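So this block is run_7.txt, compact mmCIF, C-alpha atoms (C1' of nucleotides) and all ligand atoms:
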```
# COMPACT_ATOMS: atom_id res chain seq x y z
CA MET A 4 -26.01 98.66 -20.57
CA ILE A 5 -22.48 98.40 -21.90
CA CYS A 6 -19.45 97.90 -19.69
CA ASN A 7 -16.33 99.79 -20.68
CA HIS A 8 -13.56 98.34 -18.62
CA TYR A 9 -10.67 98.91 -20.96
CA ASN A 10 -9.31 101.95 -22.72
CA PHE A 11 -7.43 101.43 -25.93
CA VAL A 12 -7.04 104.73 -27.66
CA LYS A 13 -6.01 103.59 -31.10
CA MET A 14 -5.59 100.49 -33.15
CA ASP A 15 -1.81 100.51 -32.74
CA LYS A 16 -2.21 100.20 -29.00
CA ILE A 17 -3.63 96.75 -29.55
CA GLY A 18 -0.31 95.49 -30.85
CA ALA A 19 1.38 96.54 -27.62
CA TYR A 20 -1.42 94.94 -25.62
CA LEU A 21 -0.98 91.63 -27.43
CA SER A 22 2.79 91.78 -27.04
CA LYS A 23 2.46 92.43 -23.34
CA HIS A 24 0.56 89.16 -23.12
CA GLU A 25 3.16 87.20 -25.11
CA ILE A 26 1.17 87.20 -28.31
CA LYS A 27 3.01 88.16 -31.47
CA PRO A 28 0.82 90.77 -33.17
CA SER A 29 0.24 89.38 -36.64
CA LEU A 30 -2.28 91.02 -38.93
CA GLN A 31 -4.90 88.35 -38.29
CA ARG A 32 -4.50 88.54 -34.54
CA LEU A 33 -4.65 92.32 -34.54
CA LYS A 34 -7.80 92.38 -36.64
CA ILE A 35 -9.55 89.67 -34.67
CA PHE A 36 -8.84 91.33 -31.36
CA GLU A 37 -9.77 94.72 -32.75
CA PHE A 38 -13.08 93.34 -33.94
CA LEU A 39 -13.82 91.83 -30.54
CA TYR A 40 -12.86 95.10 -28.91
CA ASN A 41 -15.07 97.21 -31.14
CA ASN A 42 -18.06 94.87 -31.19
CA LYS A 43 -19.24 94.44 -27.65
CA ASN A 44 -22.19 92.31 -28.71
CA HIS A 45 -20.12 89.15 -28.10
CA PRO A 46 -19.54 87.78 -31.60
CA THR A 47 -19.38 84.15 -32.64
CA VAL A 48 -16.64 82.50 -34.68
CA ASP A 49 -18.82 82.82 -37.73
CA SER A 50 -19.66 86.47 -37.26
CA ILE A 51 -15.98 87.26 -36.76
CA TYR A 52 -15.03 85.33 -39.85
CA THR A 53 -17.79 86.86 -41.96
CA ALA A 54 -16.96 90.37 -40.80
CA LEU A 55 -13.23 90.14 -41.43
CA SER A 56 -13.24 88.16 -44.68
CA PRO A 57 -13.69 91.22 -46.93
CA ALA A 58 -10.72 92.99 -45.34
CA ILE A 59 -8.60 89.84 -45.18
CA PRO A 60 -9.70 87.80 -48.22
CA THR A 61 -7.33 84.93 -47.44
CA LEU A 62 -8.57 84.55 -43.87
CA SER A 63 -9.28 80.99 -42.85
CA LYS A 64 -11.90 79.99 -40.32
CA THR A 65 -9.28 77.73 -38.77
CA THR A 66 -7.23 80.82 -38.01
CA VAL A 67 -10.18 82.37 -36.22
CA TYR A 68 -10.57 79.23 -34.11
CA ASN A 69 -6.84 79.02 -33.40
CA THR A 70 -6.52 82.69 -32.57
CA LEU A 71 -9.46 82.73 -30.19
CA LYS A 72 -8.08 79.66 -28.44
CA LEU A 73 -4.71 81.41 -28.14
CA PHE A 74 -6.33 84.55 -26.74
CA ILE A 75 -8.20 82.49 -24.15
CA SER A 76 -5.06 80.63 -23.09
CA LYS A 77 -3.31 83.97 -22.60
CA GLY A 78 -6.27 85.28 -20.64
CA ILE A 79 -7.18 88.29 -22.78
CA ILE A 80 -10.62 87.09 -23.88
CA ARG A 81 -13.33 84.84 -22.49
CA SER A 82 -15.69 82.39 -24.09
CA ILE A 83 -19.34 82.44 -23.13
CA HIS A 84 -21.39 79.23 -23.16
CA ILE A 85 -25.07 79.87 -22.67
CA GLU A 86 -26.79 77.95 -25.44
CA ASP A 87 -25.51 74.50 -26.32
CA HIS A 88 -25.25 75.35 -29.98
CA GLU A 89 -23.37 78.63 -29.88
CA VAL A 90 -20.15 79.90 -28.32
CA ARG A 91 -19.62 83.62 -28.06
CA TYR A 92 -16.51 85.62 -27.22
CA ASP A 93 -15.80 88.64 -25.07
CA ALA A 94 -12.71 90.82 -24.95
CA ASP A 95 -13.78 92.17 -21.57
CA THR A 96 -12.22 89.92 -18.94
CA ILE A 97 -13.30 91.87 -15.90
CA PRO A 98 -16.12 89.96 -14.17
CA HIS A 99 -19.55 91.13 -15.28
CA GLY A 100 -22.93 89.59 -15.98
CA HIS A 101 -24.58 88.71 -19.26
CA PHE A 102 -28.19 88.89 -20.33
CA LYS A 103 -29.21 86.64 -23.22
CA CYS A 104 -32.41 87.61 -25.02
CA ILE A 105 -34.34 84.56 -26.16
CA GLY A 106 -36.23 86.78 -28.59
CA CYS A 107 -33.55 88.46 -30.71
CA GLY A 108 -30.54 86.47 -29.50
CA GLY A 109 -28.78 89.59 -28.28
CA LEU A 110 -26.24 89.24 -25.50
CA PHE A 111 -25.91 92.26 -23.23
CA ASP A 112 -23.49 93.12 -20.46
CA PHE A 113 -24.50 94.25 -17.04
CA PRO A 114 -22.36 94.94 -13.98
CA PHE A 115 -22.78 93.02 -10.79
CA ASP A 116 -20.96 92.87 -7.54
CA HIS A 117 -19.17 89.58 -7.78
CA HIS A 118 -18.30 89.53 -4.10
CA LEU A 119 -21.87 89.27 -2.91
CA GLN A 120 -22.17 85.59 -3.71
CA LEU A 121 -19.07 84.36 -2.02
CA GLN A 122 -20.69 84.05 1.38
CA THR A 123 -21.61 80.47 0.57
CA ASN A 124 -20.64 77.01 1.73
CA LEU A 125 -17.64 76.60 -0.55
CA ALA A 126 -14.98 76.55 2.14
CA GLY A 127 -11.81 74.91 0.84
CA PHE A 128 -12.75 75.42 -2.79
CA GLN A 129 -10.40 77.49 -4.95
CA ILE A 130 -12.37 79.76 -7.25
CA THR A 131 -10.68 80.80 -10.49
CA GLU A 132 -13.64 82.00 -12.56
CA GLU A 133 -17.13 83.23 -11.90
CA HIS A 134 -19.95 83.48 -14.38
CA PHE A 135 -23.39 84.94 -13.93
CA TYR A 136 -25.96 85.19 -16.67
CA LEU A 137 -29.67 85.72 -17.12
CA LYS A 138 -32.05 84.72 -19.86
CA GLY A 139 -35.29 86.37 -20.88
CA TYR A 140 -36.59 89.13 -23.13
CA CYS A 141 -34.76 92.37 -23.71
CA LYS A 142 -36.46 95.75 -23.65
CA LEU A 143 -37.23 95.65 -27.36
CA CYS A 144 -38.42 92.05 -27.51
CA GLY A 145 -40.56 92.28 -24.36
CA ALA A 146 -43.29 89.66 -24.76
CA ASN A 147 -46.48 91.57 -24.14
CA MET B 5 -22.86 70.85 -0.49
CA ILE B 6 -25.95 69.21 -1.96
CA CYS B 7 -29.22 71.02 -2.43
CA ASN B 8 -32.36 69.00 -1.73
CA HIS B 9 -35.22 71.04 -3.01
CA TYR B 10 -37.64 68.25 -3.86
CA ASN B 11 -39.11 65.38 -1.95
CA PHE B 12 -40.19 62.33 -3.87
CA VAL B 13 -40.76 59.50 -1.45
CA LYS B 14 -40.84 56.58 -3.79
CA MET B 15 -40.30 55.71 -7.40
CA ASP B 16 -44.05 55.56 -8.10
CA LYS B 17 -44.41 59.18 -7.12
CA ILE B 18 -42.34 60.07 -10.12
CA GLY B 19 -45.06 58.85 -12.46
CA ALA B 20 -47.51 61.25 -10.89
CA TYR B 21 -44.94 64.04 -11.08
CA LEU B 22 -44.44 63.46 -14.79
CA SER B 23 -48.19 63.25 -15.40
CA LYS B 24 -48.74 66.50 -13.56
CA HIS B 25 -46.39 68.09 -16.07
CA GLU B 26 -48.16 66.59 -19.10
CA ILE B 27 -45.57 63.90 -19.64
CA LYS B 28 -46.83 60.38 -20.19
CA PRO B 29 -44.85 58.20 -17.80
CA SER B 30 -43.32 55.56 -20.04
CA LEU B 31 -40.72 53.19 -18.66
CA GLN B 32 -37.87 55.06 -20.33
CA ARG B 33 -39.08 58.44 -19.08
CA LEU B 34 -39.56 57.14 -15.55
CA LYS B 35 -36.11 55.61 -15.44
CA ILE B 36 -34.38 58.61 -16.93
CA PHE B 37 -36.01 61.01 -14.51
CA GLU B 38 -35.39 58.67 -11.61
CA PHE B 39 -31.73 58.50 -12.53
CA LEU B 40 -31.47 62.28 -12.68
CA TYR B 41 -33.25 62.53 -9.38
CA ASN B 42 -31.01 60.01 -7.62
CA ASN B 43 -27.72 61.20 -9.12
CA LYS B 44 -27.24 64.79 -8.15
CA ASN B 45 -23.82 64.95 -9.78
CA HIS B 46 -25.42 66.36 -12.95
CA PRO B 47 -25.04 63.51 -15.45
CA THR B 48 -24.38 63.79 -19.15
CA VAL B 49 -26.33 62.11 -21.94
CA ASP B 50 -23.64 59.44 -22.10
CA SER B 51 -23.55 58.72 -18.40
CA ILE B 52 -27.34 58.41 -18.33
CA TYR B 53 -27.29 56.08 -21.31
CA THR B 54 -24.45 53.97 -19.94
CA ALA B 55 -26.06 53.70 -16.52
CA LEU B 56 -29.50 52.68 -17.79
CA SER B 57 -28.48 50.38 -20.61
CA PRO B 58 -28.11 47.28 -18.39
CA ALA B 59 -31.59 47.73 -16.94
CA ILE B 60 -33.15 48.69 -20.30
CA PRO B 61 -31.11 46.75 -22.87
CA THR B 62 -33.09 48.14 -25.81
CA LEU B 63 -32.56 51.75 -24.76
CA SER B 64 -31.47 54.03 -27.56
CA LYS B 65 -29.32 57.07 -27.09
CA THR B 66 -31.78 58.93 -29.30
CA THR B 67 -34.43 58.28 -26.66
CA VAL B 68 -32.22 59.82 -24.01
CA TYR B 69 -31.75 62.91 -26.15
CA ASN B 70 -35.46 63.13 -26.97
CA THR B 71 -36.54 62.58 -23.39
CA LEU B 72 -34.21 65.18 -21.95
CA LYS B 73 -35.39 67.68 -24.53
CA LEU B 74 -38.99 66.89 -23.58
CA PHE B 75 -38.25 67.32 -19.88
CA ILE B 76 -36.63 70.68 -20.55
CA SER B 77 -39.58 71.88 -22.64
CA LYS B 78 -41.91 70.92 -19.79
CA GLY B 79 -39.68 72.69 -17.31
CA ILE B 80 -38.86 69.79 -15.00
CA ILE B 81 -35.12 69.66 -15.67
CA ARG B 82 -32.41 72.11 -16.69
CA SER B 83 -29.42 71.82 -18.94
CA ILE B 84 -26.09 73.19 -17.76
CA HIS B 85 -23.59 74.59 -20.27
CA ILE B 86 -20.26 75.35 -18.72
CA GLU B 87 -17.70 73.70 -20.96
CA ASP B 88 -18.19 73.89 -24.71
CA HIS B 89 -17.81 70.16 -25.14
CA GLU B 90 -20.19 68.83 -22.50
CA VAL B 91 -23.83 69.39 -21.56
CA ARG B 92 -25.01 68.26 -18.15
CA TYR B 93 -28.51 67.90 -16.75
CA ASP B 94 -30.13 68.74 -13.46
CA ALA B 95 -33.52 67.65 -12.07
CA ASP B 96 -33.38 70.46 -9.54
CA THR B 97 -35.04 73.47 -11.14
CA ILE B 98 -34.97 75.75 -8.14
CA PRO B 99 -32.29 78.41 -8.71
CA HIS B 100 -28.94 77.45 -7.21
CA GLY B 101 -25.28 77.83 -8.10
CA HIS B 102 -22.86 75.34 -9.60
CA PHE B 103 -19.18 74.80 -8.97
CA LYS B 104 -17.25 73.06 -11.73
CA CYS B 105 -13.93 71.52 -10.68
CA ILE B 106 -11.34 71.78 -13.45
CA GLY B 107 -9.37 69.02 -11.73
CA CYS B 108 -11.78 66.09 -11.43
CA GLY B 109 -14.61 67.45 -13.57
CA GLY B 110 -17.05 67.26 -10.68
CA LEU B 111 -20.05 69.60 -10.69
CA PHE B 112 -21.33 70.60 -7.28
CA ASP B 113 -24.38 72.50 -6.13
CA PHE B 114 -24.29 75.42 -3.79
CA PRO B 115 -27.09 77.70 -2.65
CA PHE B 116 -27.05 81.39 -3.31
CA ASP B 117 -29.52 84.18 -2.83
CA HIS B 118 -30.66 84.86 -6.33
CA HIS B 119 -32.26 88.16 -5.38
CA LEU B 120 -29.00 89.84 -4.46
CA GLN B 121 -27.98 90.45 -8.04
CA LEU B 122 -31.15 91.98 -9.34
CA GLN B 123 -30.30 95.49 -8.21
CA THR B 124 -28.73 96.14 -11.58
CA ASN B 125 -29.44 98.24 -14.63
CA LEU B 126 -31.79 95.81 -16.34
CA ALA B 127 -34.94 97.89 -16.11
CA GLY B 128 -37.48 96.73 -18.69
CA PHE B 129 -35.84 93.36 -19.18
CA GLN B 130 -37.94 90.28 -18.42
CA ILE B 131 -35.86 87.66 -16.64
CA THR B 132 -36.94 84.05 -17.06
CA GLU B 133 -33.80 82.18 -15.97
CA GLU B 134 -30.76 82.92 -13.88
CA HIS B 135 -27.53 80.98 -13.85
CA PHE B 136 -24.54 81.40 -11.63
CA TYR B 137 -21.52 79.14 -11.73
CA LEU B 138 -17.93 79.09 -10.55
CA LYS B 139 -14.89 77.25 -11.82
CA GLY B 140 -11.82 76.19 -9.92
CA TYR B 141 -10.52 73.33 -7.78
CA CYS B 142 -12.66 71.40 -5.36
CA LYS B 143 -11.61 70.50 -1.86
CA LEU B 144 -10.07 67.20 -2.97
CA CYS B 145 -8.31 68.50 -6.07
CA GLY B 146 -6.96 71.64 -4.38
CA ALA B 147 -3.84 72.62 -6.35
CA ASN B 148 -1.16 72.90 -3.70
C1' DT C 27 20.42 84.87 -50.33
C1' DG C 28 19.75 80.97 -47.65
C1' DT C 29 18.11 78.90 -43.44
C1' DT C 30 15.18 78.38 -39.60
C1' DC C 31 11.10 79.16 -37.10
C1' DA C 32 6.32 80.84 -36.49
C1' DT C 33 1.92 81.57 -38.51
C1' DT C 34 -1.67 80.78 -41.69
C1' DT C 35 -4.38 78.07 -44.67
C1' DG C 36 -7.19 74.21 -46.75
C1' DT C 37 -8.70 69.71 -46.30
C1' DA C 38 -9.87 65.69 -44.07
C1' DG C 39 -11.52 63.68 -39.96
C1' DT C 40 -14.03 63.45 -35.49
C1' DC C 41 -17.80 63.50 -32.60
C1' DA C 42 -22.08 65.19 -30.41
C1' DT C 43 -26.49 66.08 -31.81
C1' DT C 44 -30.52 65.86 -34.94
C1' DA C 45 -33.67 64.21 -38.76
C1' DC C 46 -36.19 60.71 -40.28
C1' DA C 47 -38.79 56.65 -40.97
C1' DA C 48 -39.62 51.99 -39.51
C1' DA C 49 -40.74 49.16 -35.55
C1' DA C 50 -42.87 48.59 -31.27
C1' DT C 51 -45.96 49.80 -27.82
C1' DT C 52 -50.13 51.83 -26.02
C1' DA C 53 -54.84 53.60 -26.28
C1' DC C 54 -59.42 53.34 -28.23
C1' DT C 55 -63.31 51.38 -30.71
C1' DT C 56 -66.26 47.96 -32.19
C1' DA D 18 -60.59 39.95 -28.56
C1' DA D 19 -59.36 41.80 -32.72
C1' DG D 20 -58.60 45.96 -35.38
C1' DT D 21 -57.28 50.63 -35.94
C1' DA D 22 -55.15 54.89 -34.73
C1' DA D 23 -51.96 57.50 -32.00
C1' DT D 24 -47.78 57.68 -29.36
C1' DT D 25 -43.29 56.29 -28.24
C1' DT D 26 -39.03 54.07 -29.12
C1' DT D 27 -35.36 52.67 -31.93
C1' DG D 28 -31.56 52.47 -35.50
C1' DT D 29 -29.40 54.68 -39.11
C1' DA D 30 -28.17 58.45 -41.87
C1' DA D 31 -27.17 63.27 -42.07
C1' DT D 32 -25.67 67.59 -40.12
C1' DG D 33 -22.50 70.82 -38.52
C1' DA D 34 -19.22 72.73 -35.25
C1' DC D 35 -14.80 71.97 -34.11
C1' DT D 36 -10.05 69.80 -34.51
C1' DA D 37 -5.87 67.41 -36.50
C1' DC D 38 -2.68 67.66 -39.67
C1' DA D 39 0.56 68.90 -43.11
C1' DA D 40 1.59 72.03 -46.85
C1' DA D 41 2.20 76.85 -47.86
C1' DT D 42 3.22 81.27 -46.62
C1' DG D 43 5.62 84.78 -44.22
C1' DA D 44 8.85 86.74 -40.73
C1' DA D 45 13.43 86.68 -38.42
C1' DC D 46 18.13 86.26 -38.65
C1' DA D 47 22.91 85.39 -40.21
MN MN A 201 -19.49 90.72 -21.81
MN MN A 202 -27.57 71.54 -9.66
ZN ZN A 203 -34.27 90.92 -27.71
ZN ZN A 204 -12.11 68.10 -8.07
```

As structure tokens:
Amino acid sequence: MICNHYNFVKMDKIGAYLSKHEIKPSLQRLKIFEFLYNNKNHPTVDSIYTALSPAIPTLSKTTVYNTLKLFISKGIIRSIHIEDHEVRYDADTIPHGHFKCIGCGGLFDFPFDHHLQLQTNLAGFQITEEHFYLKGYCKLCGAN
Amino acid sequence: MICNHYNFVKMDKIGAYLSKHEIKPSLQRLKIFEFLYNNKNHPTVDSIYTALSPAIPTLSKTTVYNTLKLFISKGIIRSIHIEDHEVRYDADTIPHGHFKCIGCGGLFDFPFDHHLQLQTNLAGFQITEEHFYLKGYCKLCGAN
DNA sequence: TGTTCATTTGTAGTCATTACAAAATTACTT
DNA sequence: AAGTAATTTTGTAATGACTACAAATGAACA
């Protein structure tokens, strides 16, 4: 159920990855990206902030917002908008689908062939992003 | 480019449509659904409110919010969350794709075969909704 | 060390949405 | 038709996620 498109070996590789994308690897940026990389359940701003606060006691929620916005502008993470009241983040930028469970709130990855859909009447349109997601009940929450 | 999945002939048919879905057809509800039905550009709460205010001078934005929420709970419209700062609404509930132009902000329909994707590793998951959308530049905004 | 620049932080402000209760409208009963 | 109850609409206040902004901190460099 989990996509593994990238292959960092160690924490210190993340610094090089950020640098390669013109992002100076400060402590906060390293930790935030590391958290996103290790937690493939698509965290929210709040869950990132709550998780990192103990390790970085001075961390500000504004920094989390700013850093995620920076990451998005550099193209190394994506934001996921499924519910109107929550934004979730994903360090996996290779196109894949998402399943949102309306029971437990879990957000799961699944692969899909993103070239199947393009045989549609969008001639002359320039596509830069594609998003595909499902909603329903996951295996554990199955309503029955 | 526009999907036409439903076939109301006249305004007064909308009352029956609402009733069939356990929605008492008040003036506000009729007008709001009619507007959504006639404007397939996926309006926002604000554009609905602004458009209907002249005809219904007493209209409250709260009523627009409440009515849209009611329509969604009864399953006759859908909300579309693509950007984090705007929610758009669609009276067409039959699965179809959306193309969001990052130039002009336009949101266009396109058909797609929603059964193509389901050959994926989601065994045991109950799917209740599927959403597929693209972002990029429309024919008019084409960046070149 | 001193100077400059980039990053982080806390606070104040914004804005879309919601909660809530009063007002208005509709439905029902006598 | 008048009275009563239920539903719907409306306006205002409150909420809460996100942003703007400027001070504080920290890194880079001479
Ligand atoms: Mn993902
Ligand atoms: Mn549509
Ligand atoms: Zn679940
Ligand atoms: Zn356009």

- Task: Kindly compile the residues surrounding ligand ZN 204 (chain A) within 10 Å, counting all atoms listed in the file, and format them as a list of chain:residue names.
- Result: A:Phe128, B:Phe103, B:Lys104, B:Cys105, B:Ile106, B:Gly107, B:Cys108, B:Gly109, B:Gly110, B:Leu111, B:Phe112, B:Gly140, B:Tyr141, B:Cys142, B:Lys143, B:Leu144, B:Cys145, B:Gly146, B:Ala147

Sorted by chain and rising residue number, list the residues of chain A at most 7 Å from ligand MN 201 (chain A) (counting all atoms listed in the file), each with its closest atom pair and distance in Å to one decimal, as JSON lines.
```
{"residue": "A:Lys43", "atom": "CA", "partner": "A:MN201", "partner_atom": "MN", "distance": 6.9}
{"residue": "A:His45", "atom": "CA", "partner": "A:MN201", "partner_atom": "MN", "distance": 6.5}
{"residue": "A:Asp93", "atom": "CA", "partner": "A:MN201", "partner_atom": "MN", "distance": 5.3}
{"residue": "A:Asp95", "atom": "CA", "partner": "A:MN201", "partner_atom": "MN", "distance": 5.9}
{"residue": "A:His99", "atom": "CA", "partner": "A:MN201", "partner_atom": "MN", "distance": 6.5}
{"residue": "A:Gly100", "atom": "CA", "partner": "A:MN201", "partner_atom": "MN", "distance": 6.9}
{"residue": "A:His101", "atom": "CA", "partner": "A:MN201", "partner_atom": "MN", "distance": 6.0}
{"residue": "A:Phe111", "atom": "CA", "partner": "A:MN201", "partner_atom": "MN", "distance": 6.8}
{"residue": "A:Asp112", "atom": "CA", "partner": "A:MN201", "partner_atom": "MN", "distance": 4.9}
```

- Message: At a cut-off of 12 Å, using all atoms listed in the file, what residues contact A:Pro57? Leave out same-chain residues fewer than 6 positions from it and give the result as a PyMOL selection string.
- Response: chain A and resi 34+51+63

Any chance you can output those residues with C-alpha atoms as a tab-separated table (two decimals), in the coordinates of the input?
```tsv
chain	number	residue	atom	x	y	z
A	34	LYS	CA	-7.80	92.38	-36.64
A	51	ILE	CA	-15.98	87.26	-36.76
A	63	SER	CA	-9.28	80.99	-42.85
```

- Item | Residues near stretch 41-47 of chain C, cut-off 9 Å, only C-alpha atoms (C1' of nucleotides), skip fewer than 2 positions along chain, as an MDAnalysis selection string | (chainID B and resid 69 89:90) or (chainID D and resid 30:32)

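Note that atom CA of B:Leu31 and atom CA of B:Ala59 are 10.8 Å apart.
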
Go ahead and align chain A to chain B (same sequence, so just pair every C-alpha in order, least squares) and export the moved chain as a compact mmCIF listing (two decimals) with C-alpha atoms, in the frame of the given file.
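Generated file (selection.txt):
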```txt
# COMPACT_ATOMS: atom_id res chain seq x y z
CA MET A 4 -22.87 70.82 -0.51
CA ILE A 5 -25.96 69.18 -1.96
CA CYS A 6 -29.26 70.97 -2.39
CA ASN A 7 -32.37 68.95 -1.66
CA HIS A 8 -35.23 70.97 -2.97
CA TYR A 9 -37.62 68.19 -3.83
CA ASN A 10 -39.06 65.30 -1.88
CA PHE A 11 -40.12 62.25 -3.80
CA VAL A 12 -40.66 59.43 -1.39
CA LYS A 13 -40.75 56.51 -3.76
CA MET A 14 -40.23 55.64 -7.36
CA ASP A 15 -43.96 55.48 -8.06
CA LYS A 16 -44.31 59.10 -7.07
CA ILE A 17 -42.27 60.01 -10.11
CA GLY A 18 -44.99 58.78 -12.42
CA ALA A 19 -47.47 61.16 -10.81
CA TYR A 20 -44.93 63.97 -11.02
CA LEU A 21 -44.44 63.40 -14.75
CA SER A 22 -48.18 63.17 -15.33
CA LYS A 23 -48.74 66.41 -13.48
CA HIS A 24 -46.43 68.04 -16.00
CA GLU A 25 -48.20 66.52 -19.02
CA ILE A 26 -45.61 63.84 -19.59
CA LYS A 27 -46.88 60.31 -20.12
CA PRO A 28 -44.84 58.13 -17.76
CA SER A 29 -43.33 55.49 -20.01
CA LEU A 30 -40.68 53.15 -18.66
CA GLN A 31 -37.86 55.06 -20.33
CA ARG A 32 -39.06 58.40 -19.06
CA LEU A 33 -39.52 57.10 -15.54
CA LYS A 34 -36.06 55.58 -15.45
CA ILE A 35 -34.34 58.60 -16.93
CA PHE A 36 -35.99 60.98 -14.51
CA GLU A 37 -35.35 58.63 -11.62
CA PHE A 38 -31.68 58.49 -12.53
CA LEU A 39 -31.44 62.27 -12.68
CA TYR A 40 -33.23 62.49 -9.36
CA ASN A 41 -30.98 60.00 -7.63
CA ASN A 42 -27.70 61.20 -9.14
CA LYS A 43 -27.24 64.79 -8.15
CA ASN A 44 -23.83 64.98 -9.79
CA HIS A 45 -25.44 66.36 -12.97
CA PRO A 46 -25.04 63.52 -15.47
CA THR A 47 -24.39 63.81 -19.19
CA VAL A 48 -26.34 62.12 -21.96
CA ASP A 49 -23.65 59.49 -22.15
CA SER A 50 -23.53 58.76 -18.45
CA ILE A 51 -27.31 58.43 -18.38
CA TYR A 52 -27.27 56.11 -21.35
CA THR A 53 -24.42 54.01 -19.99
CA ALA A 54 -26.03 53.73 -16.57
CA LEU A 55 -29.46 52.70 -17.82
CA SER A 56 -28.45 50.39 -20.67
CA PRO A 57 -28.04 47.30 -18.46
CA ALA A 58 -31.52 47.73 -16.99
CA ILE A 59 -33.09 48.68 -20.31
CA PRO A 60 -31.06 46.74 -22.91
CA THR A 61 -33.05 48.14 -25.84
CA LEU A 62 -32.54 51.75 -24.78
CA SER A 63 -31.49 54.05 -27.58
CA LYS A 64 -29.33 57.11 -27.12
CA THR A 65 -31.81 58.97 -29.30
CA THR A 66 -34.45 58.30 -26.67
CA VAL A 67 -32.23 59.83 -24.01
CA TYR A 68 -31.79 62.94 -26.15
CA ASN A 69 -35.50 63.14 -26.95
CA THR A 70 -36.58 62.57 -23.38
CA LEU A 71 -34.24 65.18 -21.93
CA LYS A 72 -35.45 67.68 -24.52
CA LEU A 73 -39.04 66.86 -23.56
CA PHE A 74 -38.28 67.28 -19.86
CA ILE A 75 -36.68 70.67 -20.52
CA SER A 76 -39.63 71.86 -22.61
CA LYS A 77 -41.96 70.89 -19.76
CA GLY A 78 -39.73 72.66 -17.27
CA ILE A 79 -38.89 69.75 -14.97
CA ILE A 80 -35.15 69.64 -15.66
CA ARG A 81 -32.46 72.11 -16.69
CA SER A 82 -29.46 71.82 -18.93
CA ILE A 83 -26.15 73.21 -17.76
CA HIS A 84 -23.64 74.60 -20.27
CA ILE A 85 -20.30 75.35 -18.71
CA GLU A 86 -17.75 73.71 -20.97
CA ASP A 87 -18.24 73.93 -24.71
CA HIS A 88 -17.87 70.20 -25.15
CA GLU A 89 -20.23 68.88 -22.51
CA VAL A 90 -23.87 69.42 -21.56
CA ARG A 91 -25.04 68.27 -18.17
CA TYR A 92 -28.53 67.91 -16.76
CA ASP A 93 -30.16 68.73 -13.45
CA ALA A 94 -33.51 67.64 -12.09
CA ASP A 95 -33.41 70.44 -9.54
CA THR A 96 -35.10 73.45 -11.13
CA ILE A 97 -35.01 75.73 -8.13
CA PRO A 98 -32.34 78.40 -8.71
CA HIS A 99 -28.99 77.45 -7.22
CA GLY A 100 -25.34 77.82 -8.11
CA HIS A 101 -22.92 75.33 -9.59
CA PHE A 102 -19.24 74.79 -8.95
CA LYS A 103 -17.29 73.05 -11.71
CA CYS A 104 -13.98 71.49 -10.68
CA ILE A 105 -11.39 71.79 -13.42
CA GLY A 106 -9.42 69.02 -11.72
CA CYS A 107 -11.83 66.09 -11.44
CA GLY A 108 -14.66 67.49 -13.56
CA GLY A 109 -17.12 67.27 -10.69
CA LEU A 110 -20.10 69.60 -10.70
CA PHE A 111 -21.38 70.59 -7.27
CA ASP A 112 -24.43 72.51 -6.14
CA PHE A 113 -24.35 75.42 -3.79
CA PRO A 114 -27.17 77.71 -2.67
CA PHE A 115 -27.12 81.39 -3.33
CA ASP A 116 -29.53 84.19 -2.85
CA HIS A 117 -30.68 84.88 -6.36
CA HIS A 118 -32.28 88.18 -5.44
CA LEU A 119 -29.04 89.87 -4.50
CA GLN A 120 -27.99 90.47 -8.08
CA LEU A 121 -31.13 92.03 -9.37
CA GLN A 122 -30.23 95.51 -8.22
CA THR A 123 -28.60 96.15 -11.57
CA ASN A 124 -29.21 98.31 -14.61
CA LEU A 125 -31.56 95.92 -16.38
CA ALA A 126 -34.68 98.05 -16.17
CA GLY A 127 -37.20 96.97 -18.80
CA PHE A 128 -35.62 93.57 -19.27
CA GLN A 129 -37.77 90.51 -18.57
CA ILE A 130 -35.76 87.86 -16.76
CA THR A 131 -36.88 84.26 -17.21
CA GLU A 132 -33.78 82.34 -16.10
CA GLU A 133 -30.75 83.01 -13.97
CA HIS A 134 -27.56 81.03 -13.90
CA PHE A 135 -24.57 81.42 -11.64
CA TYR A 136 -21.56 79.16 -11.70
CA LEU A 137 -17.97 79.08 -10.53
CA LYS A 138 -14.94 77.23 -11.79
CA GLY A 139 -11.87 76.17 -9.87
CA TYR A 140 -10.59 73.30 -7.74
CA CYS A 141 -12.76 71.36 -5.35
CA LYS A 142 -11.68 70.47 -1.83
CA LEU A 143 -10.14 67.18 -2.93
CA CYS A 144 -8.38 68.48 -6.03
CA GLY A 145 -7.01 71.62 -4.34
CA ALA A 146 -3.87 72.56 -6.27
CA ASN A 147 -1.24 72.91 -3.61
```

Using all atoms listed in the file, find each residue in chain D having at least one atom no more than 10 Å away from chain A; report its shortest atom-to-atom pair and that distance in Å (one decimal), rows by chain then rising number, as JSON lines.
```
{"residue": "D:DA34", "atom": "C1'", "partner": "A:His88", "partner_atom": "CA", "distance": 8.4}
{"residue": "D:DC35", "atom": "C1'", "partner": "A:Tyr68", "partner_atom": "CA", "distance": 8.4}
{"residue": "D:DT36", "atom": "C1'", "partner": "A:Thr65", "partner_atom": "CA", "distance": 9.0}
{"residue": "D:DA44", "atom": "C1'", "partner": "A:Ser29", "partner_atom": "CA", "distance": 9.9}
```

Emit the selected residues as a CSV table (one decimal), in the coordinates of the input, including C-alpha atoms (C1' of nucleotides).
```csv
chain,number,residue,atom,x,y,z
D,34,DA,C1',-19.2,72.7,-35.2
D,35,DC,C1',-14.8,72.0,-34.1
D,36,DT,C1',-10.0,69.8,-34.5
D,44,DA,C1',8.8,86.7,-40.7
```
